[in-house]
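Written out below as C-alpha cells is the structure these notes cover.
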Amino acid sequence: MSNTAELDDLLSRLVDDQLDDAGTAHLQEVLRDDTAARRRYRQVLALHAGLQWGYVAAAREASPAATPRAVGRWWLPWSVALAASLMVALIVALRSSVTDTSLLTASSLSNGTLTWNDGGTQRTLDAGQSVSAGRLLLEGANAIAVLRFADHTMLTLSGDTEVAVEEQGGKRLDLRRGTLAAEVTQQQPGQPLVITTTTARLEVLGTVFTVSAGVDATALAVDHGRVRLERLADQQAVEVVAGEQASVSFDTAKRIAVSVRPQVPDTWQVDFAHRPQAHWSGTWTAPVAASSGLFSAVPYVAGRDGTGRPFIHHGVRVSGEQEGTRPFVRLHAGSRLTVRFRTMRGDSRTQIKVMLCMLRDGAAFGGTFFATVDPRSHPADADGWRTAVLAMPAFLPTRPTIHPSPIGQCVMFILANTAAKPAGLEVAAITVDRP
C-alpha cells in the first residue's frame, strides 16, 4: 500500500470536505495505482457513510414531539440527511471514476471451460466477459483461452491451467500449474508483471514469452525482450533474452543454465511405431506383425452449456517432444498436413475436424485454424485406412480479423477429433512437409 499516513490524511480531508482540487487529483492517482489503497478507501468511506446515516437516525429519535419550542429546529435531521445523501453521491461518483474493478477480459475460448473465482463468487466465462482479480481455472487438455488486460497485455492459457491474478503495484500472476504464453506491453516503471510458480519468480517489463509450470519445475522460453528468472529455492537469478530458454527446479546444486532455443523445423512426422509422448492425448496401440502402431481418440471436455453440462468430443492430440507450448514445426505457404486415419464404427459419414493451434513468432498466440475431412472423399484401403492431404488454404481461421492465416507461424499442437458422438477415430500417421 502507499504511505498509510498520507492516505489516511487524504481520506480524512475528503470526508471532512476539506480536500482541494490538487488533493483530489493526488488521491485519484494513489487509488488508481494501488489495490490495497482502493480497499482502504472503500472501507473508510463506507464507515463514514454509515456514521452519517446513524447520526440522522439518532437525530430523528431524539427530536421531541412537535411543540412550539421545537418548531425552529424541525429542519435539523433533514439537513443531516441531505448532507449524508450528498456524501453518498460523492462516494459513488468518485468510486466509479477511479476503481473500475475489471482487470481482465476473455478474448476467446475454445475446446474447454474457463472458470473465475474471487473467493466468494464463481462464474463460468464466455468470450467477451470481464472479471476482476481472482483465480482462473482452464479445464480441458485441448483448451485455449486468451485474456486481455486494459493495457493490451495478452495471456494465452493452454491445457489444464490454473492461475491467480491480481493487480498490486503491477500485474501479479501466480501460475499454480499449466502453461501460459504472454505478450506483455511496456509496463510502467517500478510496476513489472511478475509471475510466480512453485519453483520460480519471473519479472517482466515488456516482452513475448512462454512459461510452463509443473509441480517441481518451471520452463521459460523468450521470443522478444528479456525476462528475469529467479529460482525461489536459493534466489539465484538469470536474465533470459530473445531466442533463449531456461528452466529451474528445486535443485540448487546446479546453476541455472540458459541456452539458445533451437530453430523450429519446416517438416515433422510421427507414425506411432513407438510410444507417444506422455503429454499427448490418445490411447496408443503398439504395432503387431504387419499392423502399424496407432493412436485412438479419447473423450475430452470441449465446453459446457448454460447448466454446466459438458460437451464431449473425442480426439487425438499431438505436439512437440517437450511438454507445454513449445512449437515443433513451422508452416509455410507450400506446407501441407497429411493424416492417415480410419473410423472403427462403420460410420464413414462422420466428419473429422483437424485443428491447428498456432504460436506467432514462436511464443505469442497465433490463433486456431480448422479443416474438415469428409471420409467419403478419401478411399479406404483393405484395412479401412484413409489418407487426407490438407494444404494451407483448407485451414479456416476461428477469428479471421485477428489471426487470418497460419502461414509463417509455428504449430503448438495438432488435434484431430469428432464432435457429438464417438466414431472410433484412429490415427496411424501425421506428417507436415513441404513438397
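Here, A, B, ... name the chains of the C-alpha cells in the order displayed, residue numbers run from 1 inside each chain, and ligands are numbered from 1 in the same displayed order.
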
Check segment 96-159 of chain A with DSSP on the backbone and list each residue it calls strand (DSSP E), as a ChimeraX atom specification.
/A:104-110,113-117,122-125,130-131,134-139,144-149,154-159

Residues near segment 197-209 of chain A, anyone? I mean within 8 Å using only C-alpha atoms, not counting same-chain ones fewer than 3 positions away, as a PyMOL selection string.
chain A and resi 174-177+181-188+191-194+213-218+220-233+248-250+363-364

Residues near Trp268 of chain A, cut-off 10 Å, only C-alpha atoms, skip fewer than 5 positions along chain, as a PyMOL selection string:
chain A and resi 320+328-330+337+430-434

Write the residues of the preceding selection, restricted to C-alpha atoms, as a compact mmCIF listing (two decimals), in the first residue's frame.
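The resulting file, selection.txt, is shown below:
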```txt
# COMPACT_ATOMS: atom_id res chain seq x y z
CA GLY A 320 6.33 -31.47 -29.71
CA PHE A 328 7.56 -28.08 -33.12
CA VAL A 329 7.05 -27.23 -36.82
CA ARG A 330 6.79 -24.01 -38.84
CA LEU A 337 -0.56 -31.72 -43.48
CA ILE A 430 0.61 -37.43 -39.23
CA THR A 431 3.08 -35.56 -41.44
CA VAL A 432 3.82 -31.91 -42.07
CA ASP A 433 6.04 -31.36 -45.12
CA ARG A 434 6.89 -29.01 -47.99
```

Taking 2 positions as the minimum chain separation for residues in the same chain, which residues sit within 6 Å of segment 125-140 of chain A when counting only C-alpha atoms? Answer as a list in words.
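Returned residues: Thr101, Ser102, Leu103, Leu104, Thr105, Ala106, Ser107, Ser108, Gly112, Thr113, Leu114, Thr115, Trp116, Asn117, Asp118, Asn142, Ala143, Gly159, Asp160, Thr161, Glu162, Val163, Ala164, Val165, Glu166 and Val301 of chain A.
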
With distances taken over only C-alpha atoms, which residue among A:Trp385, A:Arg360, A:Pro435, A:Val373 lies nearest Ser405 of chain A?
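Among A:Trp385, A:Arg360, A:Pro435, A:Val373, it is A:Arg360 that comes nearest to Ser405 of chain A.
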
Can you tell me, as a compact mmCIF listing (two decimals) with C-alpha atoms, in the first residue's frame, what residues are no more than 8 Å from Asn417 of chain A when counting only C-alpha atoms, ignoring any on the same chain fewer than 2 positions away?
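Produced file around_10.txt, reproduced below:
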```txt
# COMPACT_ATOMS: atom_id res chain seq x y z
CA ALA A 297 -9.27 -40.92 -29.88
CA HIS A 313 -15.69 -34.57 -28.14
CA HIS A 314 -13.34 -37.43 -28.99
CA GLY A 315 -9.89 -36.69 -30.32
CA VAL A 316 -6.20 -37.31 -30.73
CA ILE A 352 -13.22 -35.35 -38.93
CA LYS A 353 -12.08 -31.93 -37.72
CA VAL A 354 -8.37 -31.17 -37.76
CA LEU A 415 -5.89 -32.05 -32.78
CA ALA A 419 -17.84 -34.00 -32.27
CA LEU A 425 -11.30 -42.46 -34.73
```

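Among the candidates A:Thr401, A:Gln235, A:Ser281, A:Thr156, the one nearest to Ile256 of chain A when counting only C-alpha atoms is A:Gln235.
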
Which residues are near Val411 of chain A? Cut-off 8 Å, only C-alpha atoms, ignore same chain within fewer than 3 positions. Put them as an MDAnalysis selection string.
chainID A and resid 319 327:331 356:359 414

If we count only C-alpha atoms and set the cut-off at 8 Å, which residues sit around Ile312 of chain A, ignoring sequence neighbours fewer than 4 positions away in its own chain? Please answer as a VMD selection string.
chain A and resid 299 to 303 419 to 421

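With only C-alpha atoms as the atoms that count, the residue of A:Thr307, A:Gln351, A:Thr267, A:Ser110 with the shortest distance to Gly334 of chain A is A:Thr267.
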
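Atom CA of Met355 of chain A is found 10.6 Å from atom CA of Met412 of chain A.
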
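If you look at atom CA of Ala394 of chain A and atom CA of Arg336 of chain A, they are 9.5 Å away from each other.
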
Report the distance between atom CA of Ala423 of chain A and atom CA of Asp374 of chain A in Å, rounded to one decimal place.
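Going from atom CA of Ala423 of chain A over to atom CA of Asp374 of chain A, I get 12.9 Å.
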